[in-house]
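Undergrad: What follows is the file entry.cif, containing mmCIF, C-alpha atoms:
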```cif
data_final
loop_
_atom_site.label_atom_id
_atom_site.label_comp_id
_atom_site.auth_asym_id
_atom_site.auth_seq_id
_atom_site.Cartn_x
_atom_site.Cartn_y
_atom_site.Cartn_z
CA ALA A 1 10.30 -28.36 23.70
CA LYS A 2 7.07 -27.49 25.51
CA GLY A 3 8.13 -23.87 26.06
CA HIS A 4 9.10 -23.61 22.38
CA ARG A 5 5.62 -24.72 21.25
CA GLU A 6 3.96 -22.22 23.57
CA THR A 7 6.13 -19.41 22.22
CA GLU A 8 5.47 -20.53 18.64
CA ALA A 9 1.70 -20.33 19.19
CA THR A 10 1.90 -16.77 20.51
CA VAL A 11 4.15 -15.36 17.78
CA ASP A 12 2.24 -13.86 14.87
CA PRO A 13 4.46 -14.02 11.78
CA HIS A 14 2.06 -11.95 9.60
CA TYR A 15 3.91 -8.67 10.23
CA TRP A 16 3.55 -7.53 6.60
CA LEU A 17 -0.26 -7.34 6.85
CA SER A 18 0.05 -3.77 8.14
CA ILE A 19 1.20 -1.17 5.63
CA PRO A 20 3.06 0.82 8.33
CA ASN A 21 4.94 -2.39 9.20
CA ALA A 22 5.68 -3.05 5.53
CA MET A 23 7.03 0.49 5.15
CA HIS A 24 9.41 -0.25 8.01
CA MET A 25 10.43 -3.47 6.21
CA VAL A 26 11.22 -1.46 3.07
CA GLY A 27 13.58 0.70 5.15
CA VAL A 28 15.37 -2.33 6.58
CA ILE A 29 15.69 -3.93 3.14
CA VAL A 30 17.00 -0.80 1.43
CA THR A 31 19.56 -0.26 4.21
CA ALA A 32 20.85 -3.80 3.69
CA LEU A 33 20.95 -3.41 -0.09
CA LYS A 34 22.88 -0.14 0.17
CA ARG A 35 25.41 -1.85 2.42
CA LEU A 36 25.76 -4.82 0.04
CA ASP A 37 25.84 -2.72 -3.14
CA PRO A 38 27.11 0.81 -2.41
CA ASP A 39 27.19 1.64 -6.14
CA GLY A 40 23.42 1.09 -6.37
CA LYS A 41 22.71 3.22 -3.30
CA ALA A 42 20.94 6.08 -5.13
CA GLY A 43 18.73 3.73 -7.12
CA TYR A 44 17.72 1.77 -4.04
CA ALA A 45 16.90 4.97 -2.16
CA GLN A 46 14.81 6.31 -5.05
CA ARG A 47 12.84 3.08 -5.52
CA ALA A 48 12.32 2.77 -1.76
CA GLU A 49 10.88 6.29 -1.63
CA GLU A 50 8.59 5.59 -4.58
CA THR A 51 7.44 2.40 -2.88
CA ARG A 52 6.81 4.22 0.41
CA GLN A 53 4.80 6.91 -1.41
CA ALA A 54 2.60 4.24 -3.02
CA MET A 55 2.25 2.54 0.37
CA ARG A 56 1.26 5.81 2.09
CA ALA A 57 -1.39 6.44 -0.59
CA ALA A 58 -2.79 2.92 -0.21
CA ASP A 59 -2.77 3.24 3.58
CA ARG A 60 -4.71 6.53 3.37
CA ASP A 61 -7.23 4.94 0.97
CA ILE A 62 -7.72 1.94 3.24
CA ARG A 63 -8.11 4.13 6.33
CA ARG A 64 -10.81 6.15 4.55
CA GLN A 65 -12.54 3.00 3.36
CA LEU A 66 -12.61 1.49 6.85
CA ALA A 67 -13.15 4.67 8.87
CA ASP A 68 -16.92 4.76 9.17
CA LEU A 69 -17.89 1.10 9.31
CA PRO A 70 -21.05 0.46 11.33
CA ARG A 71 -19.31 -2.52 12.93
CA ARG A 72 -15.66 -3.26 13.64
CA ASP A 73 -15.78 -6.82 15.04
CA MET A 74 -14.47 -9.67 12.91
CA ALA A 75 -14.42 -13.47 13.06
CA LEU A 76 -11.56 -15.30 11.35
CA PHE A 77 -10.87 -18.88 10.39
CA HIS A 78 -7.17 -18.39 11.14
CA ALA A 79 -5.45 -15.67 13.17
CA ALA A 80 -3.48 -14.04 10.35
CA PHE A 81 -4.90 -10.52 10.41
CA ALA A 82 -4.05 -9.16 13.87
CA TYR A 83 -1.58 -6.59 12.47
CA PHE A 84 -4.10 -5.50 9.83
CA ALA A 85 -6.81 -5.19 12.49
CA ALA A 86 -4.56 -3.19 14.81
CA ALA A 87 -3.52 -0.82 12.02
CA TYR A 88 -7.13 -0.05 11.05
CA ASP A 89 -8.89 -0.22 14.43
CA LEU A 90 -10.74 -3.46 13.74
CA HIS A 91 -11.45 -6.02 16.44
CA ILE A 92 -10.89 -9.75 16.01
CA VAL A 93 -13.31 -11.25 18.48
CA ALA A 94 -13.38 -14.89 17.34
CA THR A 95 -10.90 -17.21 15.63
CA PHE A 96 -11.95 -20.73 14.64
CA GLU A 97 -8.52 -22.31 14.27
CA PRO A 98 -6.38 -21.26 17.24
CA THR A 99 -3.22 -22.88 15.84
CA PRO A 100 -2.62 -23.24 12.08
CA GLY A 101 -3.34 -26.74 10.82
CA ARG A 102 -4.72 -27.94 14.14
CA GLU A 103 -8.46 -28.48 14.49
CA PRO A 104 -9.97 -26.76 17.51
CA GLY A 105 -11.28 -28.80 20.41
CA PRO A 106 -14.95 -28.86 21.44
CA ARG A 107 -14.49 -26.22 24.16
CA HIS A 108 -12.86 -23.83 21.69
CA VAL A 109 -15.63 -24.41 19.12
CA ARG A 110 -18.30 -23.67 21.78
CA GLU A 111 -16.51 -20.44 22.71
CA PHE A 112 -16.15 -19.50 19.05
CA LEU A 113 -19.88 -20.06 18.45
CA ARG A 114 -20.77 -18.10 21.60
CA ARG A 115 -18.71 -15.13 20.41
CA LEU A 116 -20.29 -15.24 16.94
CA HIS A 117 -23.74 -15.25 18.54
CA ASP A 118 -23.02 -12.64 21.24
CA ARG A 119 -21.48 -10.20 18.75
CA GLN A 120 -24.12 -11.01 16.10
CA LEU A 121 -21.41 -11.56 13.52
CA ARG A 122 -22.69 -12.28 10.02
CA THR A 123 -19.40 -12.95 8.24
CA LEU A 124 -16.55 -15.32 8.84
CA PHE A 125 -13.33 -14.57 6.99
CA ILE A 126 -11.47 -17.48 5.41
CA GLU A 127 -8.20 -17.66 3.46
CA PRO A 128 -7.59 -19.23 0.04
CA GLN A 129 -4.47 -21.03 1.26
CA LEU A 130 -6.29 -22.91 4.04
CA ASP A 131 -8.91 -25.63 3.86
CA ALA A 132 -12.09 -24.11 5.27
CA THR A 133 -14.12 -27.29 4.71
CA PRO A 134 -14.81 -27.66 8.46
CA LEU A 135 -16.52 -24.27 8.42
CA ARG A 136 -18.65 -24.46 5.29
CA GLU A 137 -21.43 -26.57 6.78
CA LEU A 138 -21.20 -24.77 10.12
CA ALA A 139 -21.48 -21.38 8.40
CA ARG A 140 -24.49 -22.57 6.41
CA ASP A 141 -26.19 -23.85 9.58
CA LEU A 142 -25.51 -20.55 11.37
CA GLY A 143 -26.51 -18.36 8.45
CA VAL A 144 -23.04 -16.84 8.39
CA THR A 145 -21.43 -15.74 5.13
CA LEU A 146 -17.90 -16.84 4.31
CA SER A 147 -15.77 -14.05 2.87
CA LEU A 148 -12.22 -14.26 1.55
CA LEU A 149 -9.18 -12.48 2.99
CA ASP A 150 -5.80 -13.17 1.42
CA PRO A 151 -2.58 -12.83 3.46
CA LEU A 152 -0.26 -13.84 0.60
CA GLY A 153 -1.69 -12.51 -2.69
CA GLY A 154 -0.38 -13.59 -6.07
CA SER A 155 -3.84 -14.26 -7.53
CA ALA A 156 -6.03 -12.32 -9.94
CA GLY A 157 -6.96 -8.98 -8.38
CA ARG A 158 -4.27 -9.41 -5.75
CA GLU A 159 -1.16 -9.71 -7.90
CA ASP A 160 1.03 -7.48 -5.78
CA TYR A 161 1.22 -6.38 -2.16
CA LEU A 162 -0.82 -3.18 -2.42
CA ALA A 163 -3.49 -4.83 -4.61
CA MET A 164 -3.76 -7.57 -1.98
CA MET A 165 -4.07 -5.05 0.85
CA ARG A 166 -6.74 -3.09 -1.05
CA PHE A 167 -8.58 -6.35 -1.80
CA ASN A 168 -8.60 -7.29 1.89
CA ALA A 169 -9.85 -3.83 2.90
CA ALA A 170 -12.64 -3.99 0.31
CA GLN A 171 -13.67 -7.46 1.53
CA ILE A 172 -13.78 -6.28 5.13
CA ALA A 173 -15.63 -3.05 4.28
CA ALA A 174 -18.27 -4.95 2.29
CA ALA A 175 -18.79 -7.53 5.04
CA LEU A 176 -18.94 -5.09 7.94
CA ARG A 177 -21.40 -2.80 6.15
CA GLU A 178 -23.96 -5.63 5.73
#
```
As a first step, turn the structure in this file into structure tokens.
TA:
Amino acid sequence: AKGHRETEATVDPHYWLSIPNAMHMVGVIVTALKRLDPDGKAGYAQRAEETRQAMRAADRDIRRQLADLPRRDMALFHAAFAYFAAAYDLHIVATFEPTPGREPGPRHVREFLRRLHDRQLRTLFIEPQLDATPLRELARDLGVTLSLLDPLGGSAGREDYLAMMRFNAAQIAAALRE
């Protein structure tokens, strides 16, 4: 059981938070659909290509938006955006909650605060699905702004996947330009 927990903590399930990864997922899905429904093969292929074109356009837009940021270091409440960061050459240098749903210990909090201070980070990214109450007072005391990143979407302004990805890029661009 111990080995399983260690593996669980190191696996990042947020694969979709990179448009190149999501494009790969579209390919896997359409291949499975074609196999399950050979009569719909042409329709699946056409919709997959349209989806990939929209994804490529969004990816180009996001790359342009994030290309010339004066800073590239980020602090997160929860480690959900590693694939996004890797895709767009951003650097996650501090994460408050090392394991989802588990409060960090004092040593981890000290290290988190040291990294915020050393990197002079002004923004801490939180997620709407997680309770960031432990950080609100800390952020206020540190003079750090809390900014929203959404890994799941489904809310106003982030109704679909590409709207969510564009929202996240805009949030990051605004915060790292401050």
Undergrad: Could you expand the PyMOL selection byres ((chain A and resi 45) around 12) into the explicit residues it covers here, written as a PyMOL selection string?
TA: chain A and resi 26-35+37-44+46-52
Undergrad: If we count all atoms listed in the file, what is near A:Tyr161 at a cut-off of 12 Å, once residues fewer than 4 positions away on the same chain are taken out, given as a ChimeraX atom specification?
TA: /A:16-19,22-23,51,54-55,58-59,150-155,157,165-168
Undergrad: Selected by the PyMOL selection byres ((chain A and resi 83) around 8) in the shown coordinates: which residues, as a ChimeraX atom specification?
TA: /A:14-18,80-82,84-87
Undergrad: Could you check the closest approach to A:Met164 for each of A:Asn21, A:Leu130, A:Asp118, A:Ile62 and tell me which residue wins, using all atoms listed in the file?
TA: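 Smallest separation from A:Met164 among the options: A:Ile62.
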Undergrad: Counting only C-alpha atoms, what is within 12 Å of A:Thr133, bar same-chain residues fewer than 5 positions away, as a ChimeraX atom specification?
TA: /A:77,103,126-128,138-140,146
Undergrad: Evaluate the PyMOL selection byres ((chain A and resi 143) around 12) on the structure here and hand back the selected residues as a PyMOL selection string.
TA: chain A and resi 116-117+120-124+135-142+144-146
Undergrad: Please produce an output containing C-alpha atoms for each residue in the selection, written as a PDB file, keeping the file's coordinate frame.
TA:
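So again_13.pdb came out as:
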```
ATOM      1  CA  LEU A 116     -20.290 -15.240  16.940  1.00  0.00           C
ATOM      2  CA  HIS A 117     -23.740 -15.250  18.540  1.00  0.00           C
ATOM      3  CA  GLN A 120     -24.120 -11.010  16.100  1.00  0.00           C
ATOM      4  CA  LEU A 121     -21.410 -11.560  13.520  1.00  0.00           C
ATOM      5  CA  ARG A 122     -22.690 -12.280  10.020  1.00  0.00           C
ATOM      6  CA  THR A 123     -19.400 -12.950   8.240  1.00  0.00           C
ATOM      7  CA  LEU A 124     -16.550 -15.320   8.840  1.00  0.00           C
ATOM      8  CA  LEU A 135     -16.520 -24.270   8.420  1.00  0.00           C
ATOM      9  CA  ARG A 136     -18.650 -24.460   5.290  1.00  0.00           C
ATOM     10  CA  GLU A 137     -21.430 -26.570   6.780  1.00  0.00           C
ATOM     11  CA  LEU A 138     -21.200 -24.770  10.120  1.00  0.00           C
ATOM     12  CA  ALA A 139     -21.480 -21.380   8.400  1.00  0.00           C
ATOM     13  CA  ARG A 140     -24.490 -22.570   6.410  1.00  0.00           C
ATOM     14  CA  ASP A 141     -26.190 -23.850   9.580  1.00  0.00           C
ATOM     15  CA  LEU A 142     -25.510 -20.550  11.370  1.00  0.00           C
ATOM     16  CA  VAL A 144     -23.040 -16.840   8.390  1.00  0.00           C
ATOM     17  CA  THR A 145     -21.430 -15.740   5.130  1.00  0.00           C
ATOM     18  CA  LEU A 146     -17.900 -16.840   4.310  1.00  0.00           C
TER      19      LEU A 146
END
```
Undergrad: Please report the interatomic distance between atom CA of A:Pro134 and atom CA of A:Asp73 in Å with one decimal.
TA: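 Going from atom CA of A:Pro134 over to atom CA of A:Asp73 covers 21.9 Å.
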Undergrad: My list of candidates is A:Leu69, A:Asp12, A:His24, A:Asp61. Which is closest to A:Leu162 when distances are computed with all atoms listed in the file?
TA: A:Asp61
Undergrad: Could you tell me how far atom CA of A:Asp89 lies from atom CA of A:Arg72, in Å and to one decimal?
TA: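 Calculated distance between atom CA of A:Asp89 and atom CA of A:Arg72 is 7.5 Å.
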Undergrad: Please measure the separation of atom CA of A:Val109 and atom CA of A:Ala132, giving the value in Å to one decimal.
TA: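 That distance, rounded to one decimal, is 14.3 Å.
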Undergrad: Nearest to A:Ile172 among A:Arg63, A:Pro100, A:Gln129, A:Arg107, with distances taken over only C-alpha atoms: which residue is it?
TA: A:Arg63
Undergrad: Restricting the calculation to all atoms listed in the file, which member of A:Ala163, A:Met25, A:Leu90, A:Leu36 is positioned closest to A:Leu66?
TA: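 With all atoms listed in the file as the atom set, the closest residue is A:Leu90.
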Undergrad: As lines of an AutoDock Vina configuration file, please: the centre and edge lengths in Å, to one decimal, of an axis-aligned box enclosing every listed atom of stretch 32-35 of chain A with 4 Å added on each side.
TA:
```
center_x = 23.1
center_y = -2.0
center_z = 1.8
size_x = 12.6
size_y = 11.7
size_z = 11.8
```
Undergrad: From the list A:His78, A:Arg60, A:His108, A:Arg115, which residue is nearest A:Thr95 when using all atoms listed in the file?
TA: A:His78
